[in-house]
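protein-v4.txt (compact mmCIF, C-alpha atoms) appears below.
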```txt
# COMPACT_ATOMS: atom_id res chain seq x y z
CA MET A 49 130.26 156.48 -68.07
CA ALA A 50 129.37 158.00 -64.76
CA ALA A 51 125.74 157.04 -65.13
CA ILE A 52 126.63 153.39 -65.72
CA ALA A 53 129.00 153.28 -62.80
CA GLN A 54 126.33 154.60 -60.45
CA GLU A 55 123.88 151.77 -61.11
CA THR A 56 124.29 148.96 -58.62
CA PRO A 57 122.35 145.68 -58.50
CA GLN A 58 120.58 146.74 -55.31
CA GLU A 59 119.18 149.86 -56.89
CA HIS A 60 115.48 149.79 -57.73
CA HIS A 61 115.18 150.31 -61.47
CA GLY A 62 111.45 150.91 -61.86
CA PRO A 63 109.11 148.83 -63.97
CA VAL A 64 111.11 149.01 -67.23
CA HIS A 65 114.41 147.13 -67.35
CA HIS A 66 117.30 149.02 -68.91
CA GLN A 67 117.41 147.03 -72.18
CA PHE A 68 113.84 148.02 -73.14
CA GLU A 69 112.55 151.28 -74.56
CA ASN A 70 109.25 151.20 -72.68
CA ILE A 71 106.85 148.97 -70.79
CA VAL A 72 104.91 147.92 -73.92
CA GLN A 73 108.06 146.58 -75.58
CA GLN A 74 109.10 144.81 -72.38
CA ASN A 75 105.74 143.10 -71.99
CA GLU A 76 105.76 142.04 -75.64
CA ALA A 77 109.19 140.48 -75.18
CA TYR A 78 107.87 138.47 -72.22
CA ALA A 79 104.81 137.30 -74.16
CA ILE A 80 106.77 136.29 -77.27
CA GLY A 81 109.30 134.40 -75.18
CA MET A 82 106.48 132.43 -73.58
CA TRP A 83 104.76 131.79 -76.92
CA THR A 84 108.04 130.48 -78.35
CA PHE A 85 108.06 127.92 -75.57
CA LEU A 86 104.41 127.10 -76.25
CA VAL A 87 105.18 126.54 -79.95
CA THR A 88 107.68 123.85 -78.92
CA GLU A 89 104.95 122.35 -76.73
CA ILE A 90 102.54 122.33 -79.70
CA MET A 91 105.19 120.43 -81.71
CA PHE A 92 105.71 118.03 -78.80
CA PHE A 93 102.03 117.16 -78.43
CA GLY A 94 101.41 117.47 -82.18
CA ALA A 95 103.50 114.39 -82.97
CA LEU A 96 101.45 112.38 -80.48
CA PHE A 97 98.19 113.64 -81.96
CA LEU A 98 99.45 112.61 -85.40
CA SER A 99 100.22 109.04 -84.27
CA TYR A 100 96.82 108.91 -82.62
CA GLY A 101 95.21 110.11 -85.87
CA LEU A 102 96.96 107.43 -87.91
CA TYR A 103 95.82 104.55 -85.71
CA ARG A 104 92.31 105.90 -85.27
CA TRP A 105 92.03 106.26 -89.05
CA ARG A 106 93.36 102.74 -89.56
CA TYR A 107 91.15 101.06 -86.91
CA PRO A 108 88.03 103.24 -86.52
CA VAL A 109 85.71 100.41 -85.45
CA ASP A 110 88.07 98.87 -82.89
CA PHE A 111 88.90 102.30 -81.45
CA SER A 112 85.20 103.01 -81.05
CA ARG A 113 84.56 99.68 -79.30
CA VAL A 114 87.58 99.88 -77.02
CA HIS A 115 86.86 103.48 -76.03
CA GLU A 116 83.56 102.41 -74.44
CA GLU A 117 85.62 101.39 -71.42
CA LEU A 118 86.38 105.08 -70.75
CA ASN A 119 83.87 106.92 -68.58
CA ILE A 120 82.35 109.89 -70.47
CA ASN A 121 80.99 111.42 -67.25
CA LEU A 122 84.41 111.51 -65.62
CA GLY A 123 85.90 112.92 -68.84
CA ALA A 124 83.25 115.63 -69.05
CA PHE A 125 83.66 116.40 -65.35
CA ASN A 126 87.41 116.82 -65.80
CA THR A 127 86.85 119.03 -68.85
CA THR A 128 84.59 121.27 -66.78
CA VAL A 129 87.14 121.36 -63.96
CA LEU A 130 89.93 122.42 -66.33
CA LEU A 131 87.79 125.07 -68.04
CA VAL A 132 86.89 126.55 -64.63
CA SER A 133 90.57 126.46 -63.62
CA SER A 134 91.46 128.36 -66.79
CA PHE A 135 88.78 130.93 -65.97
CA SER A 136 90.12 131.44 -62.44
CA MET A 137 93.67 131.67 -63.83
CA ALA A 138 92.48 134.42 -66.19
CA LEU A 139 90.92 136.18 -63.18
CA GLY A 140 94.22 135.78 -61.31
CA VAL A 141 96.02 137.60 -64.14
CA HIS A 142 93.25 140.23 -64.20
CA PHE A 143 93.73 140.98 -60.48
CA ALA A 144 97.51 140.90 -60.89
CA GLN A 145 97.10 143.66 -63.49
CA LEU A 146 95.11 145.62 -60.88
CA LYS A 147 97.70 144.74 -58.15
CA ASP A 148 94.92 143.30 -55.97
CA ARG A 149 97.01 140.80 -54.01
CA ALA A 150 94.25 139.18 -51.93
CA LYS A 151 92.10 138.42 -54.99
CA VAL A 152 95.08 137.10 -56.96
CA LEU A 153 95.73 134.59 -54.19
CA LYS A 154 92.06 133.57 -54.07
CA ALA A 155 91.88 133.05 -57.84
CA LEU A 156 95.12 131.06 -57.96
CA SER A 157 93.92 128.88 -55.05
CA VAL A 158 90.84 127.95 -57.08
CA THR A 159 93.08 127.07 -60.05
CA ILE A 160 95.30 124.84 -57.93
CA ALA A 161 92.27 123.19 -56.29
CA CYS A 162 90.85 122.43 -59.76
CA ALA A 163 94.19 121.02 -60.90
CA PHE A 164 94.25 118.70 -57.87
CA THR A 165 90.67 117.61 -58.54
CA PHE A 166 91.61 116.82 -62.12
CA LEU A 167 94.52 114.63 -61.01
CA VAL A 168 92.43 112.84 -58.36
CA VAL A 169 89.82 111.91 -60.99
CA LYS A 170 92.61 110.81 -63.34
CA TYR A 171 94.08 108.70 -60.51
CA PHE A 172 90.81 106.79 -60.15
CA GLU A 173 90.47 106.41 -63.94
CA TYR A 174 94.01 105.04 -64.25
CA GLY A 175 93.41 102.81 -61.22
CA ALA A 176 90.39 101.19 -62.87
CA LYS A 177 92.34 100.60 -66.10
CA LEU A 178 95.24 98.98 -64.21
CA GLU A 179 92.83 96.87 -62.19
CA HIS A 180 91.33 95.49 -65.41
CA HIS A 181 94.83 94.76 -66.79
CA LEU A 182 94.40 97.32 -69.56
CA PHE A 183 97.88 98.81 -69.22
CA PRO A 184 99.79 97.88 -72.40
CA GLY A 185 102.73 95.55 -72.11
CA ALA A 186 103.42 92.13 -70.64
CA ASN A 187 100.55 92.39 -68.16
CA PHE A 188 97.95 93.28 -70.77
CA ARG A 189 95.35 90.54 -70.34
CA PRO A 190 91.92 92.15 -69.91
CA GLU A 191 88.67 90.22 -69.63
CA ALA A 192 86.69 90.26 -72.88
CA GLU A 193 83.99 92.49 -71.34
CA HIS A 194 86.50 95.34 -70.92
CA LEU A 195 87.41 95.23 -74.62
CA HIS A 196 83.77 95.66 -75.71
CA GLY A 197 84.33 93.50 -78.78
CA GLY A 198 87.48 95.31 -79.91
CA ASN A 199 90.60 93.60 -81.19
CA PRO A 200 93.04 93.07 -78.24
CA ASN A 201 96.05 94.20 -80.31
CA VAL A 202 94.31 97.40 -81.32
CA ALA A 203 93.15 97.83 -77.74
CA GLN A 204 96.76 97.68 -76.63
CA MET A 205 97.66 100.35 -79.20
CA PHE A 206 94.73 102.45 -78.03
CA TYR A 207 95.82 102.26 -74.40
CA SER A 208 99.45 102.94 -75.30
CA LEU A 209 98.35 106.20 -76.92
CA TYR A 210 95.87 106.88 -74.12
CA PHE A 211 98.44 106.52 -71.34
CA ALA A 212 101.16 108.34 -73.29
CA MET A 213 99.00 111.35 -74.19
CA THR A 214 96.89 111.73 -71.04
CA GLY A 215 99.97 110.84 -68.97
CA LEU A 216 102.05 113.56 -70.60
CA HIS A 217 99.15 115.95 -70.14
CA GLY A 218 98.90 114.85 -66.49
CA ILE A 219 102.59 115.62 -66.00
CA HIS A 220 101.90 119.10 -67.40
CA VAL A 221 99.08 119.52 -64.87
CA LEU A 222 101.46 118.44 -62.10
CA VAL A 223 104.11 120.93 -63.27
CA GLY A 224 101.34 123.54 -63.43
CA ILE A 225 100.51 122.91 -59.77
CA LEU A 226 104.18 123.35 -58.80
CA VAL A 227 104.64 126.52 -60.88
CA ILE A 228 101.38 128.13 -59.74
CA GLY A 229 102.25 127.13 -56.16
CA PHE A 230 105.60 128.89 -56.50
CA LEU A 231 103.86 131.92 -58.01
CA MET A 232 101.48 132.03 -55.03
CA LEU A 233 104.45 131.85 -52.65
CA LEU A 234 105.92 134.94 -54.33
CA TRP A 235 102.58 136.73 -53.98
CA VAL A 236 102.26 135.69 -50.31
CA LYS A 237 105.76 137.05 -49.64
CA LYS A 238 104.88 140.28 -51.51
CA ASN A 239 107.86 139.80 -53.78
CA PRO A 240 108.05 142.87 -56.08
CA LEU A 241 108.89 140.53 -58.96
CA VAL A 242 105.19 139.63 -59.14
CA THR A 243 103.44 142.40 -57.22
CA GLU A 244 104.97 145.22 -59.30
CA ASP A 245 104.91 143.39 -62.64
CA PHE A 246 101.90 141.32 -63.73
CA MET A 247 103.74 139.62 -66.60
CA PRO A 248 105.17 136.66 -64.61
CA THR A 249 101.61 135.84 -63.55
CA GLU A 250 100.44 136.29 -67.16
CA MET A 251 103.14 133.94 -68.48
CA ILE A 252 102.26 131.18 -66.01
CA GLY A 253 98.66 131.81 -67.04
CA LEU A 254 99.60 131.23 -70.69
CA TYR A 255 101.18 127.91 -69.72
CA TRP A 256 98.09 126.88 -67.79
CA HIS A 257 95.73 127.80 -70.64
CA PHE A 258 97.89 125.70 -72.95
CA VAL A 259 97.39 122.69 -70.66
CA ASP A 260 93.65 123.34 -70.91
CA LEU A 261 93.98 123.61 -74.69
CA VAL A 262 95.53 120.14 -74.98
CA TRP A 263 92.72 118.63 -72.93
CA ILE A 264 90.09 120.34 -75.13
CA PHE A 265 91.36 118.07 -77.94
CA LEU A 266 92.12 114.97 -75.84
CA PHE A 267 88.58 114.83 -74.43
CA PRO A 268 86.64 114.36 -77.71
CA LEU A 269 89.40 112.20 -79.23
CA TYR A 270 89.41 109.66 -76.41
CA TYR A 271 85.98 109.85 -74.78
CA LEU A 272 83.70 110.65 -77.73
CA ILE A 273 84.58 108.23 -80.53
CA PRO A 274 81.43 107.68 -82.65
CA LYS A 275 80.15 104.20 -83.40
CA MET B 283 91.25 150.63 -76.88
CA THR B 284 95.03 150.57 -77.15
CA SER B 285 97.56 152.61 -75.27
CA HIS B 286 95.35 155.40 -73.92
CA ASP B 287 93.99 153.23 -71.09
CA THR B 288 97.32 151.56 -70.33
CA PRO B 289 98.43 151.93 -66.70
CA SER B 290 102.09 152.16 -65.66
CA ASN B 291 102.54 148.37 -65.73
CA GLY B 292 101.47 148.26 -69.38
CA ALA B 293 98.44 146.06 -68.69
CA HIS B 294 95.55 145.88 -71.10
CA ILE B 295 92.76 145.31 -68.60
CA LEU B 296 89.63 143.53 -69.80
CA PRO B 297 86.40 143.53 -67.79
CA ILE B 298 85.75 140.31 -65.83
CA SER B 299 82.54 139.81 -67.85
CA VAL B 300 84.68 138.96 -70.93
CA TYR B 301 86.22 136.02 -69.06
CA ALA B 302 82.87 134.95 -67.60
CA LYS B 303 81.22 134.94 -71.03
CA THR B 304 84.12 132.96 -72.49
CA LEU B 305 83.76 130.34 -69.75
CA LEU B 306 80.01 130.15 -70.31
CA VAL B 307 80.40 129.60 -74.07
CA LEU B 308 83.13 127.00 -73.45
CA LEU B 309 80.87 125.03 -71.09
CA VAL B 310 77.93 125.19 -73.52
CA LEU B 311 80.17 123.98 -76.36
CA MET B 312 81.39 121.12 -74.17
CA ALA B 313 77.79 120.07 -73.50
CA ILE B 314 77.04 120.22 -77.24
CA THR B 315 80.08 118.10 -78.13
CA VAL B 316 79.15 115.44 -75.54
CA TRP B 317 75.59 115.35 -76.88
CA ALA B 318 76.62 115.34 -80.55
CA GLY B 319 79.16 112.57 -79.94
CA GLN B 320 76.37 110.18 -78.96
CA GLN B 321 74.02 110.96 -81.83
CA THR B 322 73.69 109.04 -85.05
CA LEU B 323 74.13 111.88 -87.50
CA PRO B 324 73.23 111.72 -91.19
CA GLY B 325 76.40 111.06 -93.15
CA GLY B 326 77.88 108.64 -90.65
CA THR B 327 80.77 108.83 -88.20
CA VAL B 328 82.72 111.17 -90.48
CA VAL B 329 80.16 113.87 -89.66
CA ASN B 330 80.49 113.09 -85.93
CA ASN B 331 84.24 113.48 -86.20
CA ILE B 332 83.99 116.73 -88.14
CA VAL B 333 81.50 118.14 -85.61
CA ALA B 334 83.65 117.09 -82.61
CA MET B 335 86.85 118.53 -84.09
CA SER B 336 85.17 121.76 -85.24
CA ILE B 337 83.82 122.34 -81.74
CA ALA B 338 87.27 121.59 -80.27
CA VAL B 339 88.85 124.12 -82.65
CA ILE B 340 86.26 126.76 -81.71
CA LYS B 341 86.85 126.10 -78.00
CA ALA B 342 90.62 126.29 -78.49
CA SER B 343 90.27 129.57 -80.41
CA LEU B 344 88.20 131.07 -77.60
CA VAL B 345 90.82 130.08 -75.02
CA VAL B 346 93.64 131.48 -77.20
CA MET B 347 91.81 134.70 -78.08
CA PHE B 348 90.38 135.68 -74.68
CA PHE B 349 92.04 133.71 -71.85
CA MET B 350 95.46 133.99 -73.50
CA HIS B 351 94.78 137.59 -74.66
CA VAL B 352 96.00 136.96 -78.20
CA LYS B 353 93.09 139.00 -79.62
CA PHE B 354 94.42 142.02 -77.72
CA SER B 355 98.14 141.33 -78.19
CA SER B 356 100.67 142.91 -80.52
CA LYS B 357 100.87 141.70 -84.11
CA LEU B 358 104.19 139.97 -83.43
CA THR B 359 102.66 137.93 -80.57
CA GLN B 360 99.73 137.00 -82.78
CA PHE B 361 102.16 135.90 -85.46
CA TRP B 362 103.96 133.60 -83.02
CA ALA B 363 100.70 132.12 -81.81
CA VAL B 364 99.57 131.37 -85.38
CA VAL B 365 102.96 129.91 -86.38
CA GLY B 366 102.66 127.09 -83.85
CA PHE B 367 99.32 125.92 -85.19
CA LEU B 368 100.42 126.46 -88.79
CA TRP B 369 103.29 124.07 -88.15
CA LEU B 370 100.80 121.55 -86.81
CA THR B 371 98.85 121.59 -90.09
CA LEU B 372 102.10 120.99 -92.00
CA LEU B 373 102.84 118.02 -89.75
CA PHE B 374 99.42 116.55 -90.46
CA MET B 375 100.13 116.76 -94.20
CA ILE B 376 102.10 113.54 -93.60
CA LEU B 377 98.71 111.83 -93.64
CA VAL B 378 98.56 112.52 -97.39
CA ASP B 379 101.23 109.85 -97.83
CA TYR B 380 99.07 107.23 -96.12
CA TYR B 381 95.99 108.34 -98.00
CA SER B 382 97.64 108.25 -101.42
CA ARG B 383 99.23 104.79 -101.15
CA ALA B 384 96.09 103.20 -102.47
CA TRP B 385 96.49 105.23 -105.68
CA GLU B 386 99.87 103.78 -106.56
CA PRO B 387 100.09 101.52 -109.62
CA VAL B 388 102.04 98.89 -107.65
CA ASP B 389 100.37 95.56 -106.95
CA SER B 390 102.26 94.65 -103.85
CA TRP B 391 105.77 93.96 -102.77
CA ASN B 392 107.31 90.69 -103.73
CA GLN B 393 107.09 88.53 -100.63
CA ALA B 394 109.62 86.06 -101.99
CA ASP B 395 112.23 88.80 -102.39
CA PRO B 396 113.49 90.08 -99.04
CA GLY B 397 115.24 92.95 -100.80
CA SER B 398 112.19 94.30 -102.58
CA SER B 399 111.13 97.91 -102.07
CA THR B 400 108.94 99.30 -99.33
CA PRO B 401 105.91 97.07 -98.92
CA ARG B 402 102.77 98.60 -100.28
CA GLY B 403 99.38 97.03 -100.12
CA ARG B 404 96.91 97.68 -102.86
CA MET B 405 93.55 98.87 -101.66
CA GLU B 406 90.55 98.92 -103.87
CA PRO B 407 88.53 102.09 -103.32
CA GLY B 408 86.50 101.45 -100.19
CA GLY B 409 87.93 97.95 -99.93
CA ALA B 410 89.68 96.20 -97.08
CA HIS B 411 93.37 96.56 -96.46
CA PRO B 412 95.34 93.55 -97.75
CA ASP B 413 97.03 93.10 -94.39
CA PRO B 414 94.25 92.67 -91.80
CA ASN B 415 96.62 92.70 -88.82
CA GLY B 416 98.25 96.05 -89.15
CA PHE B 417 100.12 98.48 -91.28
CA ASN B 418 102.24 97.13 -94.07
CA VAL B 419 104.33 94.90 -91.86
CA ARG B 420 106.48 92.54 -93.85
CA PRO B 421 106.24 88.91 -92.66
CA ARG B 422 109.62 87.53 -91.58
```
The structure in this file should be written as structure tokens.
Amino acid sequence: MAAIAQETPQEHHGPVHHQFENIVQQNEAYAIGMWTFLVTEIMFFGALFLSYGLYRWRYPVDFSRVHEELNINLGAFNTTVLLVSSFSMALGVHFAQLKDRAKVLKALSVTIACAFTFLVVKYFEYGAKLEHHLFPGANFRPEAEHLHGGNPNVAQMFYSLYFAMTGLHGIHVLVGILVIGFLMLLWVKKNPLVTEDFMPTEMIGLYWHFVDLVWIFLFPLYYLIPK
Amino acid sequence: MTSHDTPSNGAHILPISVYAKTLLVLLVLMAITVWAGQQTLPGGTVVNNIVAMSIAVIKASLVVMFFMHVKFSSKLTQFWAVVGFLWLTLLFMILVDYYSRAWEPVDSWNQADPGSSTPRGRMEPGGAHPDPNGFNVRPR
């Protein structure tokens, strides 16, 4: 009883919180908690991938024609940017494990810069689609040249899926920027929550790699449809 | 390479070269998938699709294994990671329903009867879908 009474919230409790046996168990609990969240994210995106698969299967020729409007170079550029951002995020976690604060901040800055670049490219891609009246709905009235011989109704379905899936992915990138920004703030302020324990950085890293993972599938499905 | 090199924060530290090599392979695979997507492969577009999706799965596995450390994680973490993707394959089994409709011994729904069962088109193997404008949408 006395031991419990002595512990106050202000007291520094060392790296292992009282409910865990040791650091390995604690870190595993963190990782599994994050993976549970990621499983829900896989379900979330999975349903969208399924609807995409159905329509692509049903209208392979129209999907191929309509997709020619998307710019492969921009898509490949954005893929590269996200892969590099994932690499720098992994380095950020690596330096967090080594408690090298300056290098963590450098690596996370690169990740955030890549995330911004990705969104800027996406902004121009979306802008071009809106300009050509390719956004599905009442204002969908593109010139024939932007449909590349595809059926307008299928094109509308294609762009519905395109905006829903890349838009949802874009929101995840935006959230990633906010979360990584907050993580960097904690590192700048030398908050022991992140400087003493690398797992918060690792968990945000897991989220960011998941965002990369979704794009790895979105890129070939939207930009590389065979004729 | 398990607990004997674990520092006080419990980190399993990999050399930077592991991450660099992973990135390099990912970029090479991306270049291959862009190239392969524009080729006319023997066997038709099905082969293109299989190649593109296989490369995407390999890339995803590399990210999960090395960037997300699942290769070096505890068995329980690995189990969780696999469960998510296992669920995804179960979800995609729904496609079997769409695929098998053409096998059903039902000609079509009765258009004159608004209360007839779920509309099903009959597809000859390799033939065109009876409703050219979409899925089995009942005319009203």
Distance-based interface of chain B with chain A, 6 Å, counting all atoms listed in the file, as a PDB file with C-alpha atoms, keeping the file's coordinate frame:
```
ATOM      1  CA  GLY B 292     101.470 148.260 -69.380  1.00  0.00           C
ATOM      2  CA  ALA B 293      98.440 146.060 -68.690  1.00  0.00           C
ATOM      3  CA  GLY B 319      79.160 112.570 -79.940  1.00  0.00           C
ATOM      4  CA  THR B 327      80.770 108.830 -88.200  1.00  0.00           C
ATOM      5  CA  ALA B 338      87.270 121.590 -80.270  1.00  0.00           C
ATOM      6  CA  ALA B 342      90.620 126.290 -78.490  1.00  0.00           C
ATOM      7  CA  PHE B 349      92.040 133.710 -71.850  1.00  0.00           C
ATOM      8  CA  MET B 350      95.460 133.990 -73.500  1.00  0.00           C
ATOM      9  CA  THR B 359     102.660 137.930 -80.570  1.00  0.00           C
ATOM     10  CA  GLY B 366     102.660 127.090 -83.850  1.00  0.00           C
TER      11      GLY B 366
END
```
*Would you kindly identify which residues have an atom no farther than 9 Å from (97.9, 95.2, -73.2), using only C-alpha atoms and the file's own coordinates, and write them out as number ranges by chain?*
A: 181-190, 200-201, 203-205, 207-208
*asked:* If I take CA of Leu234 (chain A) and CA of Ala161 (chain A), how far is one from the other in Å, to one decimal?
replied: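 CA of Leu234 (chain A) sits 18.1 Å away from CA of Ala161 (chain A).
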*Kindly indicate which residue among A:Arg104, A:Lys237, A:Arg113, A:Lys170 lies nearest to Asn126 (chain A), using only C-alpha atoms for the distances.*
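Nearest to Asn126 (chain A): A:Lys170.
Computed from the coordinates, the CA of His294 (chain B) to CA of Ser355 (chain B) distance equals 8.8 Å.
Nearest to His194 (chain A) of all the residues A:Leu96, A:Val114, A:Val109, A:Pro248 is A:Val114, counting all atoms listed in the file.
If only C-alpha atoms are the atoms counted, then among A:Ser112, A:Thr165, A:Leu153, A:His180 the closest residue to Asn331 (chain B) is A:Ser112.
Interatomic distance, CA of Leu222 (chain A) against CA of Lys341 (chain B): 22.9 Å.
Of the residues listed (B:Ile295, B:Val329, B:Ala334, B:Leu323), B:Ala334 shows the shortest atom-to-atom separation from Tyr270 (chain A); distances use only C-alpha atoms.
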*Pick the closest to Lys177 (chain A) from A:His220, A:His115, A:Arg149, A:Lys154: which is it, counting all atoms listed in the file?*
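When distances to Lys177 (chain A) are compared using all atoms listed in the file, the smallest one comes from A:His115.
Using only C-alpha atoms, the shortest contact distance between Leu377 (chain B) and any of A:Tyr174, A:Phe164, A:Tyr100, A:Phe230 is found at A:Tyr100.
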